[in-house]
file my_file_33.cif (mmCIF, C-alpha atoms)
data_data
#
loop_
_atom_site.label_atom_id
_atom_site.label_comp_id
_atom_site.auth_asym_id
_atom_site.auth_seq_id
_atom_site.Cartn_x
_atom_site.Cartn_y
_atom_site.Cartn_z
CA ILE A 12 0.00 0.00 0.00
CA ALA A 13 2.83 2.38 0.82
CA TYR A 14 4.42 1.56 -2.54
CA ILE A 15 1.21 2.22 -4.47
CA GLY A 16 0.73 5.51 -2.62
CA ALA A 17 4.22 6.60 -3.72
CA LEU A 18 3.49 6.11 -7.43
CA PRO A 19 2.51 9.13 -9.54
CA PRO A 20 -1.17 9.23 -10.55
CA VAL A 21 -2.09 7.90 -13.98
CA ASP A 22 -4.84 9.52 -16.05
CA ASN A 23 -6.43 6.58 -17.84
CA ALA A 24 -10.06 6.12 -18.75
CA VAL A 25 -10.93 2.53 -17.90
CA PRO A 26 -13.84 1.20 -19.97
CA PRO A 27 -16.64 -0.50 -18.03
CA SER A 28 -16.61 -4.29 -17.94
CA THR A 29 -19.38 -5.97 -19.88
CA LEU A 30 -20.51 -9.51 -20.52
CA GLY A 31 -21.29 -10.46 -24.10
CA PRO A 32 -23.98 -12.97 -25.10
CA ILE A 33 -21.76 -16.00 -24.39
CA GLY A 34 -20.74 -14.64 -20.99
CA LYS A 35 -24.39 -13.97 -20.11
CA LEU A 36 -25.33 -17.50 -21.19
CA LEU A 37 -22.55 -19.00 -19.05
CA VAL A 38 -23.68 -16.97 -16.02
CA ALA A 39 -27.35 -17.87 -16.61
CA THR A 40 -26.58 -21.60 -16.84
CA GLY A 41 -24.30 -21.56 -13.79
CA LYS A 42 -21.19 -22.47 -15.80
CA PHE A 43 -19.54 -19.17 -14.87
CA PRO A 44 -20.83 -18.24 -11.43
CA LEU A 45 -20.38 -14.72 -10.19
CA SER A 46 -18.80 -14.39 -6.75
CA VAL A 47 -21.60 -13.93 -4.22
CA TYR A 48 -19.05 -12.68 -1.73
CA LEU A 49 -18.15 -9.72 -3.91
CA ILE A 50 -21.78 -8.99 -4.75
CA GLU A 51 -22.94 -9.16 -1.13
CA VAL A 52 -20.49 -6.44 -0.05
CA HIS A 53 -20.73 -4.36 -3.23
CA ASP A 54 -23.35 -1.97 -1.86
CA ALA A 55 -22.05 -1.96 1.71
CA PRO A 56 -21.28 1.53 3.02
CA HIS A 57 -17.62 2.44 2.94
CA ALA A 58 -15.55 5.46 3.86
CA ALA A 59 -15.16 8.17 1.24
CA GLU A 60 -11.56 8.61 2.37
CA PRO A 61 -9.26 5.97 3.84
CA PRO A 62 -8.59 6.31 7.57
CA ALA A 63 -5.38 7.90 8.79
CA THR A 64 -2.31 5.70 8.60
CA ALA A 65 -1.89 4.58 12.20
CA VAL A 66 -1.79 1.45 14.33
CA SER A 67 -5.56 1.45 14.84
CA LEU A 68 -8.53 -0.88 14.42
CA GLU A 69 -9.99 1.48 11.83
CA PHE A 70 -6.86 1.44 9.64
CA GLY A 71 -6.46 -2.32 10.16
CA ARG A 72 -10.09 -2.90 9.08
CA HIS A 73 -9.43 -0.77 5.99
CA LEU A 74 -6.34 -2.82 5.07
CA ALA A 75 -8.11 -6.14 5.74
CA GLN A 76 -10.78 -5.45 3.13
CA VAL A 77 -8.44 -6.67 0.40
CA CYS A 78 -8.30 -10.06 2.20
CA THR A 79 -12.05 -10.62 1.84
CA GLY A 80 -11.75 -11.72 -1.80
CA CYS A 81 -10.27 -15.04 -0.68
CA HIS A 82 -10.84 -15.18 3.09
CA ARG A 83 -14.50 -14.01 2.83
CA PRO A 84 -16.17 -10.90 4.27
CA ASN A 85 -16.20 -12.32 7.82
CA PHE A 86 -12.65 -13.73 7.48
CA GLU A 87 -13.90 -17.29 8.14
CA GLY A 88 -11.88 -18.74 5.24
CA GLY A 89 -13.04 -21.68 3.18
CA PRO A 90 -13.11 -22.51 -0.53
CA ILE A 91 -11.93 -19.66 -2.75
CA VAL A 92 -14.90 -19.14 -5.04
CA GLN A 93 -13.11 -17.27 -7.81
CA GLY A 94 -10.03 -19.53 -7.82
CA PRO A 95 -9.16 -22.79 -9.54
CA PRO A 96 -10.55 -25.91 -7.85
CA ASP A 97 -7.03 -27.15 -6.94
CA TRP A 98 -6.40 -24.17 -4.63
CA ALA A 99 -6.55 -25.12 -0.97
CA PRO A 100 -9.28 -23.39 1.06
CA ALA A 101 -8.37 -19.96 2.40
CA THR A 102 -7.23 -19.98 6.01
CA LYS A 103 -9.49 -18.54 8.68
CA LEU A 104 -8.14 -15.11 9.72
CA THR A 105 -9.80 -15.00 13.14
CA PRO A 106 -8.12 -15.91 16.47
CA HIS A 107 -9.75 -19.38 16.34
CA ASP A 108 -7.65 -22.59 16.64
CA GLU A 109 -8.29 -23.17 12.92
CA GLY A 110 -7.01 -19.67 12.17
CA LEU A 111 -4.54 -17.29 13.79
CA ALA A 112 -4.53 -18.78 17.31
CA GLY A 113 -1.07 -20.28 16.70
CA TYR A 114 0.36 -16.95 15.55
CA ASP A 115 1.94 -14.12 17.47
CA TYR A 116 2.96 -10.82 15.91
CA GLY A 117 6.40 -12.19 14.95
CA THR A 118 5.05 -15.27 13.15
CA PHE A 119 2.34 -13.14 11.51
CA THR A 120 4.90 -10.70 10.08
CA ARG A 121 7.10 -13.59 8.94
CA ALA A 122 4.13 -15.11 7.11
CA MET A 123 3.26 -11.76 5.53
CA ARG A 124 6.84 -10.85 4.55
CA GLU A 125 8.46 -14.20 3.80
CA GLY A 126 5.51 -16.51 3.15
CA VAL A 127 6.46 -18.89 5.98
CA ARG A 128 3.82 -20.19 8.41
CA PRO A 129 4.53 -20.86 12.13
CA ASP A 130 4.98 -24.58 11.34
CA GLY A 131 7.80 -23.70 8.91
CA GLU A 132 5.77 -24.60 5.81
CA ARG A 133 5.36 -22.16 2.93
CA VAL A 134 1.99 -20.44 2.46
CA ARG A 135 -0.20 -22.01 -0.23
CA PRO A 136 -1.44 -20.51 -3.50
CA PRO A 137 -2.72 -17.89 -4.04
CA MET A 138 -1.20 -16.40 -0.87
CA ASP A 139 2.25 -17.21 -2.22
CA ILE A 140 1.59 -14.68 -4.99
CA ALA A 141 0.24 -12.07 -2.55
CA ILE A 142 3.51 -12.18 -0.57
CA ALA A 143 5.15 -10.03 -3.27
CA TYR A 144 2.81 -7.25 -2.12
CA THR A 145 2.41 -7.96 1.59
CA ALA A 146 6.21 -8.09 1.96
CA LYS A 147 6.25 -4.36 1.12
CA MET A 148 3.80 -3.41 3.87
CA THR A 149 5.15 -0.97 6.43
CA GLU A 150 5.46 -1.86 10.10
CA THR A 151 2.50 0.43 10.84
CA GLU A 152 0.37 -1.35 8.23
CA LEU A 153 1.26 -4.80 9.56
CA GLU A 154 0.65 -3.76 13.18
CA ALA A 155 -2.75 -2.25 12.30
CA LEU A 156 -3.76 -5.34 10.31
CA TRP A 157 -2.66 -7.64 13.16
CA LEU A 158 -4.54 -5.51 15.71
CA TYR A 159 -7.73 -5.74 13.63
CA LEU A 160 -7.50 -9.48 12.90
CA LYS A 161 -6.89 -10.26 16.59
CA SER A 162 -10.03 -8.25 17.46
CA LEU A 163 -12.31 -10.47 15.35
CA PRO A 164 -14.59 -12.99 17.09
CA SER A 165 -13.12 -16.49 17.35
CA LEU A 166 -15.69 -18.55 15.46
CA PRO A 167 -15.27 -22.11 14.17
CA GLN A 168 -15.03 -22.73 10.39
CA GLY A 169 -18.35 -22.35 8.61
CA SER A 170 -19.93 -20.08 11.25
#

call {"tool": "encode", "arguments": {"input": "my_file_33.cif", "output": "structure tokens"}}
result
Amino acid sequence: IAYIGALPPVDNAVPPSTLGPIGKLLVATGKFPLSVYLIEVHDAPHAAEPPATAVSLEFGRHLAQVCTGCHRPNFEGGPIVQGPPDWAPATKLTPHDEGLAGYDYGTFTRAMREGVRPDGERVRPPMDIAIAYTAKMTETELEALWLYLKSLPSLPQGS
């Protein structure tokens, strides 16, 4: 995020995405399902401006929104709807035993910067790709994200 904020703005007009007749047919027949998780949060209220960069729940919540694409809006993990079927389910990001209970701040930052879990294993796809970006997070960003994730309710998988 810090890296993206340092880039100069680009003035590009991005055309709207559209589905042609074949795409519409695939959606209608269920062969190309749209992600319910993205649709369900599409109209949710959001801040007009990002919160101040600080070690805070508000900033951590803001940063964690990018995680919802795989880890779901309530961070419960599970199958990654928009990914290939061979991807392992996304890990729960709550303090539950099936999630972040085995992490402390040091193991969390190691996972986010180096892609290594507390058990010494590498993170699985697609998180292994995300490490290229999470490794560039500032200490403030990581602390805020950790603070927010640790504040989530500890619910079992599928809650």

call {"tool": "closest_residue", "arguments": {"input": "my_file_33.cif", "among": "A:Leu111, A:Leu104, A:Ala99, A:Leu163", "to": "Thr79 in chain A", "atoms": "all atoms listed in the file"}}
result
A:Leu104

call {"tool": "closest_atom_pairs", "arguments": {"input": "my_file_33.cif", "of": "range 70-107 of chain A", "to": "range 154-158 of chain A", "cutoff": "12 Å", "atoms": "all atoms listed in the file", "output": "tab-separated table"}}
result
residue	atom	partner	partner_atom	distance
A:Phe70	CA	A:Ala155	CA	6.1
A:Gly71	CA	A:Leu156	CA	4.1
A:Arg72	CA	A:Leu156	CA	6.9
A:His73	CA	A:Leu156	CA	8.5
A:Leu74	CA	A:Leu156	CA	6.4
A:Ala75	CA	A:Leu156	CA	6.4
A:Gln76	CA	A:Leu156	CA	10.0
A:Val77	CA	A:Leu156	CA	11.0
A:Cys78	CA	A:Leu156	CA	10.4
A:Leu104	CA	A:Trp157	CA	9.9
A:Thr105	CA	A:Trp157	CA	10.3
A:Pro106	CA	A:Trp157	CA	10.4

call {"tool": "closest_residue", "arguments": {"input": "my_file_33.cif", "among": "A:Gly94, A:Gly31, A:Gly113, A:Pro20", "to": "Pro136 in chain A", "atoms": "only C-alpha atoms"}}
result
A:Gly94

call {"tool": "atom_distance", "arguments": {"input": "my_file_33.cif", "atom1": "CA of Glu125 in chain A", "atom2": "CA of Ala141 in chain A"}}
result
10.6 Å

call {"tool": "closest_residue", "arguments": {"input": "my_file_33.cif", "among": "A:Thr120, A:Asn23, A:Thr64, A:Gln93", "to": "Ile142 in chain A", "atoms": "only C-alpha atoms"}}
result
A:Thr120

call {"tool": "resolve_selection", "arguments": {"input": "my_file_33.cif", "expression": "the PyMOL selection byres ((chain A and resi 103) around 6)", "output": "VMD selection string"}}
result
chain A and resid 86 to 88 102 104 to 105 110

call {"tool": "residues_near_point", "arguments": {"input": "my_file_33.cif", "point": "(4.7, -11.7, 0.6)", "cutoff": "10 Å", "atoms": "only C-alpha atoms", "output": "MDAnalysis selection string"}}
result
chainID A and resid 120:127 134 138:148

call {"tool": "write_last_selection", "arguments": {"input": "my_file_33.cif", "atoms": "C-alpha atoms", "output": "CSV table (one decimal), in the frame of the given file"}}
result
chain,number,residue,atom,x,y,z
A,120,THR,CA,4.9,-10.7,10.1
A,121,ARG,CA,7.1,-13.6,8.9
A,122,ALA,CA,4.1,-15.1,7.1
A,123,MET,CA,3.3,-11.8,5.5
A,124,ARG,CA,6.8,-10.8,4.6
A,125,GLU,CA,8.5,-14.2,3.8
A,126,GLY,CA,5.5,-16.5,3.2
A,127,VAL,CA,6.5,-18.9,6.0
A,134,VAL,CA,2.0,-20.4,2.5
A,138,MET,CA,-1.2,-16.4,-0.9
A,139,ASP,CA,2.2,-17.2,-2.2
A,140,ILE,CA,1.6,-14.7,-5.0
A,141,ALA,CA,0.2,-12.1,-2.6
A,142,ILE,CA,3.5,-12.2,-0.6
A,143,ALA,CA,5.2,-10.0,-3.3
A,144,TYR,CA,2.8,-7.2,-2.1
A,145,THR,CA,2.4,-8.0,1.6
A,146,ALA,CA,6.2,-8.1,2.0
A,147,LYS,CA,6.2,-4.4,1.1
A,148,MET,CA,3.8,-3.4,3.9
